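**Q** Just so it is clear, I am handing over final.tsv, which has TSV, C-alpha atoms and all ligand atoms.
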chain	number	residue	atom	x	y	z
Y	87	MET	CA	0.00	0.00	0.00
Y	88	THR	CA	1.31	3.45	-0.85
Y	89	VAL	CA	0.87	6.36	1.56
Y	90	ASN	CA	-1.95	7.58	-0.69
Y	91	ASP	CA	-3.77	4.24	-0.70
Y	92	THR	CA	-3.59	4.15	3.10
Y	93	ALA	CA	-4.75	7.76	3.37
Y	94	GLN	CA	-7.69	6.99	1.02
Y	95	ALA	CA	-8.74	4.14	3.31
Y	96	CYS	CA	-8.35	6.33	6.42
Y	97	ALA	CA	-10.39	9.15	4.90
Y	98	ALA	CA	-13.12	6.72	3.85
Y	99	TYR	CA	-13.27	5.38	7.42
Y	100	VAL	CA	-13.53	8.90	8.90
Y	101	ARG	CA	-16.29	9.82	6.42
Y	102	LYS	CA	-18.25	6.76	7.52
Y	103	ALA	CA	-17.76	7.64	11.19
Y	104	HIS	CA	-18.92	11.22	10.57
Y	105	ALA	CA	-21.49	11.63	7.83
Y	106	GLY	CA	-21.89	15.44	8.12
Y	107	PRO	CA	-19.87	18.15	6.41
Y	108	MET	CA	-16.12	18.13	7.11
Y	109	PRO	CA	-14.33	21.19	8.51
Y	110	THR	CA	-11.79	22.77	6.15
Y	111	THR	CA	-9.45	23.72	9.00
Y	112	ALA	CA	-7.52	21.18	11.03
Y	113	ILE	CA	-5.34	21.54	14.11
Y	114	ILE	CA	-2.68	19.21	15.48
Y	115	LEU	CA	-2.17	19.48	19.22
Y	116	GLY	CA	1.32	18.97	20.64
Y	117	SER	CA	2.64	17.63	23.95
Y	118	GLY	CA	0.37	18.40	26.84
Y	119	LEU	CA	-1.80	20.74	24.76
Y	120	GLY	CA	-4.69	18.32	24.70
Y	121	ALA	CA	-6.94	20.66	26.71
Y	122	PHE	CA	-7.81	22.65	23.59
Y	123	ALA	CA	-9.72	19.52	22.70
Y	124	ASP	CA	-11.95	19.99	25.77
Y	125	SER	CA	-13.26	23.22	24.31
Y	126	ILE	CA	-14.47	21.43	21.17
Y	127	ASP	CA	-18.13	20.70	20.77
Y	128	ALA	CA	-17.54	17.24	19.30
Y	129	ALA	CA	-19.75	15.66	16.65
Y	130	ALA	CA	-17.46	12.60	16.37
Y	131	THR	CA	-14.43	11.39	18.35
Y	132	ILE	CA	-12.46	8.69	16.59
Y	133	PRO	CA	-9.49	6.93	18.27
Y	134	TYR	CA	-6.55	6.66	15.85
Y	135	SER	CA	-6.47	2.95	16.66
Y	136	ASP	CA	-9.94	2.56	15.06
Y	137	ILE	CA	-8.81	4.03	11.74
Y	138	PRO	CA	-7.26	1.27	9.63
Y	139	GLY	CA	-3.66	2.11	8.70
Y	140	PHE	CA	-3.57	5.36	10.70
Y	141	PRO	CA	-0.43	5.55	12.90
Y	142	ARG	CA	-0.96	5.70	16.67
Y	143	SER	CA	0.64	8.05	19.19
Y	144	THR	CA	2.64	6.17	21.79
Y	145	VAL	CA	3.83	9.14	23.90
Y	146	ALA	CA	2.43	10.22	27.28
Y	147	GLY	CA	0.47	13.44	26.81
Y	148	HIS	CA	-0.79	12.49	23.34
Y	149	ALA	CA	-4.33	11.13	23.57
Y	150	GLY	CA	-4.45	9.80	20.01
Y	151	ARG	CA	-7.85	10.67	18.65
Y	152	LEU	CA	-9.38	12.59	15.81
Y	153	ILE	CA	-12.19	14.94	16.78
Y	154	VAL	CA	-14.65	16.40	14.30
Y	155	GLY	CA	-16.60	19.30	15.74
Y	156	ALA	CA	-16.62	23.05	16.34
Y	157	VAL	CA	-15.05	25.53	18.76
Y	158	ASP	CA	-17.16	28.59	19.43
Y	159	GLY	CA	-19.13	27.77	16.31
Y	160	VAL	CA	-16.06	27.36	14.08
Y	161	PRO	CA	-15.88	23.93	12.42
Y	162	ILE	CA	-12.60	22.16	13.24
Y	163	LEU	CA	-10.94	18.80	12.71
Y	164	CYS	CA	-8.59	18.20	15.59
Y	165	MET	CA	-5.80	15.67	15.91
Y	166	GLN	CA	-5.42	15.33	19.67
Y	167	GLY	CA	-1.93	13.92	19.77
Y	168	ARG	CA	0.63	13.38	17.01
Y	169	MET	CA	3.25	10.90	15.94
Y	170	HIS	CA	7.00	11.53	15.89
Y	171	LEU	CA	10.09	10.16	14.17
Y	172	TYR	CA	11.50	9.11	17.55
Y	173	GLU	CA	8.59	6.71	18.07
Y	174	GLY	CA	10.11	4.68	15.25
Y	175	TYR	CA	7.75	5.82	12.50
Y	176	SER	CA	9.31	6.36	9.12
Y	177	ALA	CA	9.01	9.88	7.77
Y	178	GLN	CA	6.71	8.47	5.04
Y	179	THR	CA	4.32	7.09	7.67
Y	180	LEU	CA	4.08	10.59	9.17
Y	181	ALA	CA	2.60	11.69	5.84
Y	182	ILE	CA	-0.48	9.48	6.30
Y	183	PRO	CA	-2.42	11.70	8.74
Y	184	ILE	CA	-1.78	14.86	6.70
Y	185	ARG	CA	-2.78	13.20	3.41
Y	186	THR	CA	-5.90	11.90	5.17
Y	187	LEU	CA	-6.79	15.45	6.24
Y	188	LYS	CA	-6.21	16.64	2.68
Y	189	LEU	CA	-8.53	13.96	1.30
Y	190	LEU	CA	-11.15	15.01	3.85
Y	191	GLY	CA	-11.05	18.51	2.35
Y	192	VAL	CA	-8.79	20.33	4.80
Y	193	GLU	CA	-7.28	23.50	3.33
Y	194	THR	CA	-5.68	25.12	6.38
Y	195	LEU	CA	-3.54	23.33	8.95
Y	196	VAL	CA	-2.69	24.74	12.37
Y	197	LEU	CA	0.37	23.07	13.91
Y	198	THR	CA	1.17	23.38	17.61
Y	199	ASN	CA	4.03	21.98	19.65
Y	200	ALA	CA	6.04	22.35	22.82
Y	201	ALA	CA	9.63	23.38	22.16
Y	202	GLY	CA	12.85	24.28	23.93
Y	203	GLY	CA	13.63	27.99	23.83
Y	204	LEU	CA	16.94	29.27	22.50
Y	205	LEU	CA	16.43	32.86	23.67
Y	206	LYS	CA	17.21	33.73	27.29
Y	207	ASP	CA	14.60	36.49	27.33
Y	208	LYS	CA	11.79	34.16	26.17
Y	209	PRO	CA	11.36	31.87	29.19
Y	210	ALA	CA	9.13	28.87	29.71
Y	211	GLY	CA	5.54	29.83	29.01
Y	212	SER	CA	6.36	32.09	26.04
Y	213	LEU	CA	4.45	31.56	22.79
Y	214	MET	CA	6.20	31.67	19.41
Y	215	VAL	CA	4.45	32.05	16.07
Y	216	ILE	CA	6.54	29.93	13.68
Y	217	GLU	CA	7.95	32.17	10.98
Y	218	ASP	CA	9.95	29.45	9.25
Y	219	HIS	CA	11.71	26.18	10.04
Y	220	ILE	CA	15.05	24.44	9.71
Y	221	ASN	CA	14.81	20.71	9.02
Y	222	PHE	CA	17.65	19.24	11.08
Y	223	SER	CA	15.94	15.88	11.56
Y	224	GLY	CA	17.73	14.10	8.73
Y	225	ALA	CA	14.35	12.86	7.53
Y	226	ASN	CA	11.86	13.94	4.89
Y	227	PRO	CA	8.43	12.35	4.39
Y	228	LEU	CA	8.48	13.18	0.68
Y	229	ILE	CA	11.52	11.07	-0.19
Y	230	GLY	CA	10.42	8.32	-2.56
Y	231	GLU	CA	8.19	8.15	-5.59
Y	232	ASN	CA	6.23	11.36	-6.13
Y	233	ASP	CA	2.56	11.32	-7.02
Y	234	GLU	CA	2.14	14.32	-9.33
Y	235	SER	CA	-1.60	14.31	-8.70
Y	236	VAL	CA	-0.85	15.20	-5.04
Y	237	GLY	CA	1.92	17.77	-5.54
Y	238	PRO	CA	5.06	18.49	-7.55
Y	239	ARG	CA	8.38	16.63	-7.10
Y	240	PHE	CA	10.23	19.85	-6.28
Y	241	PHE	CA	8.15	22.34	-4.38
Y	242	ASP	CA	8.57	25.82	-3.02
Y	243	MET	CA	8.93	26.43	0.73
Y	244	SER	CA	9.41	30.22	0.62
Y	245	ASN	CA	6.00	30.88	2.23
Y	246	ALA	CA	5.62	27.54	4.05
Y	247	TYR	CA	4.17	29.19	7.15
Y	248	ASP	CA	1.62	31.35	5.38
Y	249	ARG	CA	2.42	35.04	5.78
Y	250	SER	CA	-1.16	36.24	6.06
Y	251	LEU	CA	-2.10	33.53	8.58
Y	252	ARG	CA	0.97	34.44	10.65
Y	253	GLN	CA	0.02	38.11	10.56
Y	254	SER	CA	-3.51	37.22	11.59
Y	255	MET	CA	-2.16	35.10	14.51
Y	256	MET	CA	0.04	38.01	15.67
Y	257	ALA	CA	-2.85	40.50	15.36
Y	258	VAL	CA	-5.23	38.28	17.30
Y	259	ALA	CA	-2.60	37.82	20.03
Y	260	GLN	CA	-2.27	41.57	20.36
Y	261	GLN	CA	-6.05	42.04	20.55
Y	262	GLN	CA	-6.25	39.36	23.23
Y	263	ASN	CA	-3.30	40.79	25.17
Y	264	ILE	CA	-1.36	37.57	24.76
Y	265	ASP	CA	2.40	37.95	24.40
Y	266	VAL	CA	3.80	36.19	21.33
Y	267	PHE	CA	6.97	36.51	19.31
Y	268	SER	CA	7.84	35.37	15.81
Y	269	GLY	CA	10.72	32.94	15.33
Y	270	ILE	CA	12.43	30.03	13.62
Y	271	TYR	CA	11.78	26.44	14.71
Y	272	VAL	CA	14.49	23.83	14.22
Y	273	GLN	CA	13.53	20.18	14.26
Y	274	VAL	CA	15.74	17.41	15.60
Y	275	ALA	CA	14.82	13.73	15.45
Y	276	GLY	CA	15.02	13.20	19.24
Y	277	PRO	CA	14.28	11.37	21.48
Y	278	ASN	CA	17.07	12.89	23.59
Y	279	PHE	CA	17.03	16.55	24.47
Y	280	GLU	CA	19.94	18.34	22.80
Y	281	THR	CA	23.44	18.72	24.18
Y	282	PRO	CA	24.48	22.26	25.16
Y	283	ALA	CA	26.88	22.26	22.17
Y	284	GLU	CA	24.02	21.46	19.80
Y	285	VAL	CA	21.92	24.17	21.36
Y	286	LYS	CA	24.72	26.72	20.78
Y	287	MET	CA	24.92	25.60	17.15
Y	288	PHE	CA	21.16	25.98	16.63
Y	289	ALA	CA	21.22	29.47	18.11
Y	290	ALA	CA	24.16	30.38	15.85
Y	291	MET	CA	22.21	29.03	12.86
Y	292	GLY	CA	19.47	31.53	13.57
Y	293	ALA	CA	16.90	29.29	15.26
Y	294	HIS	CA	14.79	30.46	18.21
Y	295	ALA	CA	13.20	27.20	19.34
Y	296	VAL	CA	14.05	23.50	19.04
Y	297	GLY	CA	11.66	20.58	19.00
Y	298	MET	CA	10.99	17.07	17.76
Y	299	SER	CA	7.94	17.49	15.53
Y	300	THR	CA	6.01	19.75	13.14
Y	301	VAL	CA	8.46	19.89	10.21
Y	302	PRO	CA	7.32	16.63	8.53
Y	303	GLU	CA	3.69	17.71	8.84
Y	304	CYS	CA	4.45	21.14	7.40
Y	305	LEU	CA	6.35	19.60	4.46
Y	306	VAL	CA	3.53	17.21	3.55
Y	307	ALA	CA	0.89	19.91	3.95
Y	308	VAL	CA	2.74	22.45	1.78
Y	309	HIS	CA	3.46	19.79	-0.84
Y	310	CYS	CA	-0.25	19.05	-1.26
Y	311	GLY	CA	-1.26	22.69	-1.29
Y	312	MET	CA	-2.48	23.41	2.23
Y	313	ARG	CA	-1.91	26.68	4.04
Y	314	VAL	CA	0.05	26.19	7.27
Y	315	VAL	CA	0.36	28.23	10.45
Y	316	GLY	CA	2.27	27.09	13.53
Y	317	VAL	CA	2.67	28.06	17.16
Y	318	SER	CA	5.26	26.74	19.63
Y	319	LEU	CA	4.86	26.87	23.36
Y	320	ILE	CA	8.29	27.35	24.90
Y	321	SER	CA	8.05	24.73	27.61
Y	322	ASN	CA	11.63	25.11	28.83
Y	323	LEU	CA	14.84	26.87	27.98
Y	324	ALA	CA	16.99	24.48	25.94
Y	325	ALA	CA	19.92	22.59	27.48
Y	326	GLY	CA	22.83	24.78	28.51
Y	327	ILE	CA	20.65	27.91	28.44
Y	328	SER	CA	18.61	26.43	31.24
Y	329	THR	CA	20.61	25.58	34.35
Y	330	ASN	CA	18.24	22.70	35.24
Y	331	PRO	CA	18.32	19.21	33.74
Y	332	LEU	CA	15.42	18.79	31.28
Y	333	SER	CA	12.60	16.32	31.62
Y	334	HIS	CA	9.41	15.37	29.83
Y	335	GLU	CA	7.55	16.13	33.08
Y	336	GLU	CA	8.75	19.74	32.97
Y	337	VAL	CA	7.67	20.06	29.33
Y	338	PHE	CA	4.29	18.62	30.21
Y	339	GLU	CA	3.79	20.79	33.31
Y	340	GLU	CA	4.66	24.03	31.51
Y	341	ALA	CA	2.38	23.07	28.65
Y	342	GLN	CA	-0.46	22.55	31.12
Y	343	LYS	CA	0.20	25.90	32.82
Y	344	ALA	CA	-0.01	27.70	29.48
Y	345	GLU	CA	-2.97	25.70	28.22
Y	346	GLY	CA	-5.63	28.32	28.99
Y	347	ARG	CA	-3.71	31.13	27.27
Y	348	PHE	CA	-2.75	28.95	24.32
Y	349	THR	CA	-6.34	27.76	23.85
Y	350	ARG	CA	-7.61	31.35	23.98
Y	351	LEU	CA	-5.12	32.36	21.27
Y	352	LEU	CA	-6.06	29.45	19.02
Y	353	VAL	CA	-9.81	29.86	19.44
Y	354	SER	CA	-9.60	33.63	18.79
Y	355	PHE	CA	-7.48	32.96	15.71
Y	356	LEU	CA	-9.96	30.39	14.36
Y	357	LYS	CA	-12.87	32.77	14.96
Y	358	ALA	CA	-11.10	35.66	13.23
Y	359	LYS	CA	-10.21	33.44	10.28
Y	360	ASN	CA	-13.78	32.17	10.03
Y	361	GLU	CA	-15.14	35.73	10.05
Y	362	ASP	CA	-12.69	36.63	7.27
Y	363	VAL	CA	-13.92	33.70	5.18
Y	364	ALA	CA	-17.56	34.58	5.84
Y	365	ALA	CA	-16.88	38.19	4.79
Y	366	GLY	CA	-15.08	36.99	1.65
Y	367	ARG	CA	-11.72	38.45	2.77
C	1	LIG	N1	14.31	20.17	22.99
C	1	LIG	C1	13.67	19.46	22.04
C	1	LIG	N2	12.37	19.27	22.06
C	1	LIG	C2	11.67	19.82	23.06
C	1	LIG	C3	12.27	20.57	24.08
C	1	LIG	C4	13.68	20.75	24.04
C	1	LIG	O1	14.30	21.40	24.91
C	1	LIG	N3	11.29	20.98	24.92
C	1	LIG	C5	10.12	20.49	24.41
C	1	LIG	N4	10.34	19.79	23.29
Represent the supplied structure as C-alpha cells.

**A**
Amino acid sequence: MTVNDTAQACAAYVRKAHAGPMPTTAIILGSGLGAFADSIDAAATIPYSDIPGFPRSTVAGHAGRLIVGAVDGVPILCMQGRMHLYEGYSAQTLAIPIRTLKLLGVETLVLTNAAGGLLKDKPAGSLMVIEDHINFSGANPLIGENDESVGPRFFDMSNAYDRSLRQSMMAVAQQQNIDVFSGIYVQVAGPNFETPAEVKMFAAMGAHAVGMSTVPECLVAVHCGMRVVGVSLISNLAAGISTNPLSHEEVFEEAQKAEGRFTRLLVSFLKAKNEDVAAGR
C-alpha cells in the first residue's frame, strides 16, 4: 500500500464515522496541549487505533484521537496527539495523517508543539508564532516516488508558514493581550534533548526554538497545497541555556500551565479566520 492508498482508506473510514460536512481547517495538538480539545463541541471522536492504517501516538500526553466538531461555532478537525520520528515511524508514515486530512477537504492546517527555547529572554511559558523552520531531523516524508496528482516533485517552501495567517495570529494575540513573538523552529529527530553544544549551534544558525515534531507535517501539507500556520509553546529553555536538567515532566507541566492562554489564542485565531472567510476576505 502506498501512503496515498492508506490515506484513502483512512479518509473513507472517517467519512463513515462522521457523515456530516467536514471542517476545512484542522489543528494538530502537541505535547500536553490536549486541553484545547476539551473546548471542542464534538460531533465525532475517533481513536486513531480505530482508523485502519492510521499511525498511533505512543507518547504520554498524546491522547491519540481525531475529533470532528466546532469551537465557538467554528468547524474544526482536531488531531489530539501526534506521531513523531523518535517513536520509530518512518518519515513516510508521518505523511499518512496529513494526506488523510487533505482527502477530507482540509485547506488550512494549524500546527502546535512544545519546544525548547533558544532565547534567554523568552522563558518557559512564552508563545512563538513559527515564521519558518530548519529541518535538522535528517528525515523527509516526501523522499520516494512522487505522485504528481498530489503535488510536484520539487516544491517551493518560501512561504511555508503562510504570511497572512501568521500576521492574523500576531494581530489576534495583540487584541487578546497575549504575548507572542515570531521565530524560527528547528527540528531534531530526538528522542534525547539536545546537548548544550548542539543548542549553541542551533542558536548560531538563527533558530529560536528547538523541538521534535512539526516539520514533517508542514512539508507534507505544503506539498499538497495546504496553508500552514504554527505556534510553539516554549516549555523550557533548551539545554545549557537552562541551568536545570530537562525532563518530559517539565515540558508537560509548563504546557499545562499555558494551556488556557494557548487555547484562547487558538480559538480567537480560528474565529477571526472564520469571520474573514464569511466576509469573503
Ligand atoms: N528540545 C527538544 N524538544 C523539546 C524541548 C527541548 O528542549 N522541549 C520540548 N520539546

**Q** What lies within 12 Å of Phe288 in chain Y using only C-alpha atoms, ignoring chain neighbours under 3 positions off, as a list of chain:residue names?

**A**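 The filter keeps Y:Gly202, Y:Gly203, Y:Leu204, Y:Leu205, Y:His219, Y:Ile220, Y:Asn221, Y:Phe222, Y:Ile270, Y:Tyr271, Y:Val272, Y:Gln273, Y:Val274, Y:Glu280, Y:Thr281, Y:Pro282, Y:Ala283, Y:Glu284, Y:Val285, Y:Met291, Y:Gly292, Y:Ala293, Y:His294, Y:Ala295, Y:Val296, Y:Gly297, Y:Ala324, Y:Ala325, Y:Ile327.
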
**Q** Next, write the just-selected residues to a file, as a PDB file, in the frame of the given file, keeping C-alpha atoms as the atom set.

**A**
ATOM      1  CA  GLY Y 202      12.850  24.280  23.930  1.00  0.00           C
ATOM      2  CA  GLY Y 203      13.630  27.990  23.830  1.00  0.00           C
ATOM      3  CA  LEU Y 204      16.940  29.270  22.500  1.00  0.00           C
ATOM      4  CA  LEU Y 205      16.430  32.860  23.670  1.00  0.00           C
ATOM      5  CA  HIS Y 219      11.710  26.180  10.040  1.00  0.00           C
ATOM      6  CA  ILE Y 220      15.050  24.440   9.710  1.00  0.00           C
ATOM      7  CA  ASN Y 221      14.810  20.710   9.020  1.00  0.00           C
ATOM      8  CA  PHE Y 222      17.650  19.240  11.080  1.00  0.00           C
ATOM      9  CA  ILE Y 270      12.430  30.030  13.620  1.00  0.00           C
ATOM     10  CA  TYR Y 271      11.780  26.440  14.710  1.00  0.00           C
ATOM     11  CA  VAL Y 272      14.490  23.830  14.220  1.00  0.00           C
ATOM     12  CA  GLN Y 273      13.530  20.180  14.260  1.00  0.00           C
ATOM     13  CA  VAL Y 274      15.740  17.410  15.600  1.00  0.00           C
ATOM     14  CA  GLU Y 280      19.940  18.340  22.800  1.00  0.00           C
ATOM     15  CA  THR Y 281      23.440  18.720  24.180  1.00  0.00           C
ATOM     16  CA  PRO Y 282      24.480  22.260  25.160  1.00  0.00           C
ATOM     17  CA  ALA Y 283      26.880  22.260  22.170  1.00  0.00           C
ATOM     18  CA  GLU Y 284      24.020  21.460  19.800  1.00  0.00           C
ATOM     19  CA  VAL Y 285      21.920  24.170  21.360  1.00  0.00           C
ATOM     20  CA  MET Y 291      22.210  29.030  12.860  1.00  0.00           C
ATOM     21  CA  GLY Y 292      19.470  31.530  13.570  1.00  0.00           C
ATOM     22  CA  ALA Y 293      16.900  29.290  15.260  1.00  0.00           C
ATOM     23  CA  HIS Y 294      14.790  30.460  18.210  1.00  0.00           C
ATOM     24  CA  ALA Y 295      13.200  27.200  19.340  1.00  0.00           C
ATOM     25  CA  VAL Y 296      14.050  23.500  19.040  1.00  0.00           C
ATOM     26  CA  GLY Y 297      11.660  20.580  19.000  1.00  0.00           C
ATOM     27  CA  ALA Y 324      16.990  24.480  25.940  1.00  0.00           C
ATOM     28  CA  ALA Y 325      19.920  22.590  27.480  1.00  0.00           C
ATOM     29  CA  ILE Y 327      20.650  27.910  28.440  1.00  0.00           C
TER      30      ILE Y 327
END

**Q** What is the distance, in Å and to one decimal place, between CA of Thr88 in chain Y and CA of Ile153 in chain Y?

**A**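 For CA of Thr88 in chain Y relative to CA of Ile153 in chain Y, the distance reads 25.0 Å.
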
**Q** Find the residues near His309 in chain Y: any atom within 12 Å, counting only C-alpha atoms, skip ones fewer than 4 places away on the same chain, and give them as a PyMOL selection string.

**A** chain Y and resi 181+184-185+188+226-229+232-243+245-246+302-305+313-314

**Q** Choose the residue, out of Y:Met165, Y:Met87, Y:Leu352, Y:Val337, that has the smallest atom-to-atom separation from ligand LIG 1 (chain C); count all atoms listed in the file.

**A** Y:Val337

**Q** For a test of reading the model, state the distance in Å between CA of Phe140 in chain Y and CA of Gln94 in chain Y, rounded to one decimal.

**A** 10.6 Å

**Q** When distances are computed from only C-alpha atoms and all ligand atoms, which of Y:Gly346, Y:Pro161, Y:Gly276, Y:Gly311 shows the smallest separation from ligand LIG 1 (chain C)?

**A**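 The shortest atom-to-atom distance to ligand LIG 1 (chain C) comes from Y:Gly276.
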
**Q** For a quick check of understanding, using only C-alpha atoms and all ligand atoms, which of Y:Leu351, Y:Leu356, Y:Val315, Y:Ile320 has the smallest distance to ligand LIG 1 (chain C)?

**A**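 Going through Y:Leu351, Y:Leu356, Y:Val315, Y:Ile320 one by one, the smallest distance to ligand LIG 1 (chain C) is for Y:Ile320.
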
**Q** With distances taken over all atoms listed in the file, which of Y:Asp91, Y:Asp362, Y:Glu340, Y:Glu345 is nearest to ligand LIG 1 (chain C)?

**A**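 Of Y:Asp91, Y:Asp362, Y:Glu340, Y:Glu345, the one nearest ligand LIG 1 (chain C) is Y:Glu340, counting all atoms listed in the file.
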
**Q** Nearest to ligand LIG 1 (chain C) among Y:Asp218, Y:Gly150, Y:Asn199, Y:Ala365, with distances taken over only C-alpha atoms and all ligand atoms: which residue is it?

**A**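 When distances to ligand LIG 1 (chain C) are compared using only C-alpha atoms and all ligand atoms, the smallest one comes from Y:Asn199.
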
**Q** Can you tell me how far atom C3 of ligand LIG 1 (chain C) sits from CA of Ala121 in chain Y, in Å to one decimal?

**A**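 CA of Ala121 in chain Y lies 19.4 Å from atom C3 of ligand LIG 1 (chain C).
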
**Q** Taking only C-alpha atoms and all ligand atoms into account, which of Y:Asn322, Y:Thr110, Y:Ser254, Y:Ser176 comes nearest ligand LIG 1 (chain C)?

**A**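 Under the stated criterion, the closest residue is Y:Asn322.
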
**Q** Please enclose the listed atoms of ligand LIG 1 (chain C) in an axis-aligned box, pad each side by 4 Å, and write out the centre and the three edge lengths in Å, rounded to one decimal, as JSON.

**A**
{"center_x": 12.2, "center_y": 20.3, "center_z": 23.5, "size_x": 12.2, "size_y": 10.1, "size_z": 10.9}

**Q** Given the point (-16.6, 14.3, 14.2) in the coordinates of this file, which residues lie within 8 Å, counting all atoms listed in the file, and how would they look as a list in words?

**A**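 The residues that fall inside the cut-off are Ala103, His104, Ala128, Ala129, Ala130, Thr131, Ile132, Leu152, Ile153, Val154, Gly155 and Leu163 of chain Y.
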
**Q** Show me as an mmCIF file with C-alpha atoms, in the frame of the given file the residues that reach within 8 Å of (6.9, 20.0, 27.3), counting all atoms listed in the file and using the file's own coordinates.

**A**
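Output saved as point_5.cif:
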data_model
loop_
_atom_site.group_PDB
_atom_site.id
_atom_site.type_symbol
_atom_site.label_atom_id
_atom_site.label_comp_id
_atom_site.auth_asym_id
_atom_site.auth_seq_id
_atom_site.Cartn_x
_atom_site.Cartn_y
_atom_site.Cartn_z
ATOM 1 C CA SER Y 117 2.640 17.630 23.950
ATOM 2 C CA GLY Y 118 0.370 18.400 26.840
ATOM 3 C CA ALA Y 200 6.040 22.350 22.820
ATOM 4 C CA ALA Y 201 9.630 23.380 22.160
ATOM 5 C CA ILE Y 320 8.290 27.350 24.900
ATOM 6 C CA SER Y 321 8.050 24.730 27.610
ATOM 7 C CA ASN Y 322 11.630 25.110 28.830
ATOM 8 C CA HIS Y 334 9.410 15.370 29.830
ATOM 9 C CA GLU Y 335 7.550 16.130 33.080
ATOM 10 C CA GLU Y 336 8.750 19.740 32.970
ATOM 11 C CA VAL Y 337 7.670 20.060 29.330
ATOM 12 C CA PHE Y 338 4.290 18.620 30.210
ATOM 13 C CA GLU Y 339 3.790 20.790 33.310
ATOM 14 C CA GLU Y 340 4.660 24.030 31.510
ATOM 15 C CA ALA Y 341 2.380 23.070 28.650
#

**Q** Quick one: which range 147-196 of chain Y residues come within 12 Å of range 250-253 of chain Y, and what is the nearest atom pair for each with the distance in Å to one decimal, counting all atoms listed in the file, rows ordered by chain and ascending number, as JSON lines?

**A**
{"residue": "Y:Thr194", "atom": "CA", "partner": "Y:Leu251", "partner_atom": "CA", "distance": 9.4}
{"residue": "Y:Leu195", "atom": "CA", "partner": "Y:Leu251", "partner_atom": "CA", "distance": 10.3}
{"residue": "Y:Val196", "atom": "CA", "partner": "Y:Leu251", "partner_atom": "CA", "distance": 9.6}
